[in-house]
file data-v2.pdb (PDB, C-alpha atoms)
ATOM      1  CA  MET A  14      86.049  -1.809  64.908  1.00  0.00           C
ATOM      2  CA  ASN A  15      82.933  -3.953  64.919  1.00  0.00           C
ATOM      3  CA  LYS A  16      83.980  -7.439  66.029  1.00  0.00           C
ATOM      4  CA  LYS A  17      81.019  -8.941  64.156  1.00  0.00           C
ATOM      5  CA  ILE A  18      82.578  -8.096  60.784  1.00  0.00           C
ATOM      6  CA  LYS A  19      86.171  -9.025  61.701  1.00  0.00           C
ATOM      7  CA  THR A  20      86.330 -12.421  60.022  1.00  0.00           C
ATOM      8  CA  ASP A  21      88.776 -14.227  57.765  1.00  0.00           C
ATOM      9  CA  ALA A  22      86.366 -13.818  54.861  1.00  0.00           C
ATOM     10  CA  VAL A  23      86.158 -10.041  55.351  1.00  0.00           C
ATOM     11  CA  ASP A  24      89.960  -9.873  55.708  1.00  0.00           C
ATOM     12  CA  GLN A  25      90.292 -11.691  52.384  1.00  0.00           C
ATOM     13  CA  LEU A  26      87.829  -9.319  50.727  1.00  0.00           C
ATOM     14  CA  PHE A  27      89.699  -6.270  52.009  1.00  0.00           C
ATOM     15  CA  ASN A  28      93.007  -7.755  50.849  1.00  0.00           C
ATOM     16  CA  ALA A  29      91.467  -8.209  47.401  1.00  0.00           C
ATOM     17  CA  ILE A  30      90.298  -4.580  47.375  1.00  0.00           C
ATOM     18  CA  LEU A  31      93.697  -3.345  48.530  1.00  0.00           C
ATOM     19  CA  CYS A  32      95.394  -5.056  45.582  1.00  0.00           C
ATOM     20  CA  LEU A  33      93.367  -3.071  43.032  1.00  0.00           C
ATOM     21  CA  GLN A  34      95.556  -0.485  41.325  1.00  0.00           C
ATOM     22  CA  THR A  35      93.351   1.587  39.038  1.00  0.00           C
ATOM     23  CA  ARG A  36      89.818   2.923  38.890  1.00  0.00           C
ATOM     24  CA  GLU A  37      89.206   0.617  35.907  1.00  0.00           C
ATOM     25  CA  GLU A  38      90.270  -2.391  38.000  1.00  0.00           C
ATOM     26  CA  CYS A  39      87.839  -1.224  40.686  1.00  0.00           C
ATOM     27  CA  TYR A  40      85.018  -1.079  38.134  1.00  0.00           C
ATOM     28  CA  THR A  41      85.886  -4.564  36.889  1.00  0.00           C
ATOM     29  CA  PHE A  42      86.057  -6.100  40.367  1.00  0.00           C
ATOM     30  CA  PHE A  43      83.078  -4.327  41.908  1.00  0.00           C
ATOM     31  CA  GLU A  44      80.833  -5.011  38.921  1.00  0.00           C
ATOM     32  CA  ASP A  45      81.521  -8.703  39.494  1.00  0.00           C
ATOM     33  CA  LEU A  46      81.211  -8.459  43.279  1.00  0.00           C
ATOM     34  CA  CYS A  47      78.133  -6.253  43.639  1.00  0.00           C
ATOM     35  CA  THR A  48      74.811  -5.810  41.954  1.00  0.00           C
ATOM     36  CA  VAL A  49      74.292  -2.466  40.249  1.00  0.00           C
ATOM     37  CA  ASN A  50      71.925  -1.413  43.044  1.00  0.00           C
ATOM     38  CA  GLU A  51      74.412  -2.365  45.775  1.00  0.00           C
ATOM     39  CA  LEU A  52      77.159  -0.345  44.135  1.00  0.00           C
ATOM     40  CA  LEU A  53      74.874   2.635  43.585  1.00  0.00           C
ATOM     41  CA  SER A  54      73.766   2.456  47.238  1.00  0.00           C
ATOM     42  CA  LEU A  55      77.375   2.499  48.436  1.00  0.00           C
ATOM     43  CA  SER A  56      78.232   5.434  46.205  1.00  0.00           C
ATOM     44  CA  GLN A  57      75.080   7.259  47.337  1.00  0.00           C
ATOM     45  CA  ARG A  58      76.100   6.898  51.002  1.00  0.00           C
ATOM     46  CA  TYR A  59      79.546   8.232  50.202  1.00  0.00           C
ATOM     47  CA  GLU A  60      78.032  11.217  48.371  1.00  0.00           C
ATOM     48  CA  VAL A  61      75.670  11.834  51.302  1.00  0.00           C
ATOM     49  CA  ALA A  62      78.634  11.796  53.709  1.00  0.00           C
ATOM     50  CA  ALA A  63      80.501  14.322  51.578  1.00  0.00           C
ATOM     51  CA  MET A  64      77.489  16.616  51.467  1.00  0.00           C
ATOM     52  CA  LEU A  65      76.900  16.343  55.218  1.00  0.00           C
ATOM     53  CA  ARG A  66      80.543  17.169  55.781  1.00  0.00           C
ATOM     54  CA  ASN A  67      80.004  20.274  53.656  1.00  0.00           C
ATOM     55  CA  HIS A  68      77.067  21.272  55.898  1.00  0.00           C
ATOM     56  CA  LYS A  69      74.317  20.649  53.344  1.00  0.00           C
ATOM     57  CA  THR A  70      70.786  20.230  54.684  1.00  0.00           C
ATOM     58  CA  TYR A  71      68.897  16.958  54.597  1.00  0.00           C
ATOM     59  CA  LEU A  72      66.567  18.493  52.003  1.00  0.00           C
ATOM     60  CA  GLU A  73      69.454  19.528  49.732  1.00  0.00           C
ATOM     61  CA  ILE A  74      71.019  16.087  50.079  1.00  0.00           C
ATOM     62  CA  ALA A  75      67.757  14.242  49.419  1.00  0.00           C
ATOM     63  CA  GLU A  76      67.063  16.346  46.329  1.00  0.00           C
ATOM     64  CA  LYS A  77      70.556  15.881  44.858  1.00  0.00           C
ATOM     65  CA  THR A  78      71.154  12.215  45.721  1.00  0.00           C
ATOM     66  CA  GLY A  79      67.675  10.728  45.992  1.00  0.00           C
ATOM     67  CA  ALA A  80      68.648   9.326  49.407  1.00  0.00           C
ATOM     68  CA  SER A  81      65.916   8.848  51.964  1.00  0.00           C
ATOM     69  CA  THR A  82      66.028  10.768  55.213  1.00  0.00           C
ATOM     70  CA  ALA A  83      66.661   7.426  56.952  1.00  0.00           C
ATOM     71  CA  THR A  84      69.791   6.884  54.842  1.00  0.00           C
ATOM     72  CA  ILE A  85      70.964  10.440  55.422  1.00  0.00           C
ATOM     73  CA  SER A  86      70.395  10.033  59.160  1.00  0.00           C
ATOM     74  CA  ARG A  87      72.294   6.717  59.208  1.00  0.00           C
ATOM     75  CA  VAL A  88      75.260   8.271  57.399  1.00  0.00           C
ATOM     76  CA  ASN A  89      75.147  11.302  59.697  1.00  0.00           C
ATOM     77  CA  ARG A  90      75.246   9.004  62.720  1.00  0.00           C
ATOM     78  CA  SER A  91      78.320   7.276  61.264  1.00  0.00           C
ATOM     79  CA  LEU A  92      80.017  10.623  60.683  1.00  0.00           C
ATOM     80  CA  ASN A  93      79.302  11.774  64.233  1.00  0.00           C
ATOM     81  CA  TYR A  94      79.579   8.582  66.254  1.00  0.00           C
ATOM     82  CA  GLY A  95      81.252   6.023  63.997  1.00  0.00           C
ATOM     83  CA  ASN A  96      84.870   4.943  63.596  1.00  0.00           C
ATOM     84  CA  ASP A  97      85.921   8.036  61.592  1.00  0.00           C
ATOM     85  CA  GLY A  98      86.275   5.965  58.430  1.00  0.00           C
ATOM     86  CA  TYR A  99      84.592   8.571  56.268  1.00  0.00           C
ATOM     87  CA  ASN A 100      86.721  11.361  57.733  1.00  0.00           C
ATOM     88  CA  MET A 101      89.922   9.355  57.251  1.00  0.00           C
ATOM     89  CA  VAL A 102      89.151   8.942  53.552  1.00  0.00           C
ATOM     90  CA  PHE A 103      88.047  12.542  53.064  1.00  0.00           C
ATOM     91  CA  GLU A 104      91.254  13.792  54.703  1.00  0.00           C
ATOM     92  CA  ARG A 105      93.430  11.565  52.507  1.00  0.00           C
ATOM     93  CA  LEU A 106      91.623  12.695  49.358  1.00  0.00           C
ATOM     94  CA  SER A 107      91.894  16.393  50.143  1.00  0.00           C
TER      95      SER A 107
END
call {"tool": "encode", "arguments": {"input": "data-v2.pdb", "output": "structure tokens"}}
result
Amino acid sequence: MNKKIKTDAVDQLFNAILCLQTREECYTFFEDLCTVNELLSLSQRYEVAAMLRNHKTYLEIAEKTGASTATISRVNRSLNYGNDGYNMVFERLS
């Protein structure tokens, strides 16, 4: 875990997220919390991670998601050398 993000404020945010119970509640909260572009960027990274996990090429991913190669590379680095957060979620959703 990155010690730079481990703060009381981040803990409070995560506690708020963990109390959400439905997808509709998530939409309501995240629309207030994030700009449209921020939310779309987060969802794009998640989609990129899923496609990388399914062995899609950078070109296929860029064409489908509109993500830049820099974004795809950043997500790929997280998948390969990160904290396994993406993989944890993918495993739980499968």
call {"tool": "closest_residue", "arguments": {"input": "data-v2.pdb", "among": "A:Thr35, A:Thr82, A:Asn89, A:Asn50", "to": "His68 in chain A", "atoms": "all atoms listed in the file"}}
result
A:Asn89
call {"tool": "axis_aligned_box", "arguments": {"input": "data-v2.pdb", "around": "range 34-51 of chain A", "padding_each_side": "6 Å", "output": "JSON"}}
result
{"center_x": 83.7, "center_y": -2.9, "center_z": 40.8, "size_x": 35.6, "size_y": 23.6, "size_z": 21.9}
call {"tool": "closest_residue", "arguments": {"input": "data-v2.pdb", "among": "A:Ile85, A:Leu72, A:Ile18, A:Leu46", "to": "Tyr59 in chain A", "atoms": "only C-alpha atoms"}}
result
A:Ile85
call {"tool": "resolve_selection", "arguments": {"input": "data-v2.pdb", "expression": "the PyMOL selection byres ((chain A and resi 100) around 12)", "output": "ChimeraX atom specification"}}
result
/A:59,62-63,65-67,88-89,91-99,101-107
call {"tool": "closest_residue", "arguments": {"input": "data-v2.pdb", "among": "A:Leu33, A:Leu26, A:Leu52, A:Val61", "to": "Arg90 in chain A", "atoms": "all atoms listed in the file"}}
result
A:Val61
call {"tool": "atom_distance", "arguments": {"input": "data-v2.pdb", "atom1": "CA of Glu44 in chain A", "atom2": "CA of Ile30 in chain A"}}
result
12.7 Å
call {"tool": "atom_distance", "arguments": {"input": "data-v2.pdb", "atom1": "CA of Thr84 in chain A", "atom2": "CA of Arg58 in chain A"}}
result
7.4 Å
call {"tool": "atom_distance", "arguments": {"input": "data-v2.pdb", "atom1": "CA of Glu60 in chain A", "atom2": "CA of Asn15 in chain A"}}
result
23.0 Å
call {"tool": "closest_residue", "arguments": {"input": "data-v2.pdb", "among": "A:Ala75, A:Ala80, A:Gln34, A:Ala29", "to": "Leu55 in chain A", "atoms": "all atoms listed in the file"}}
result
A:Ala80
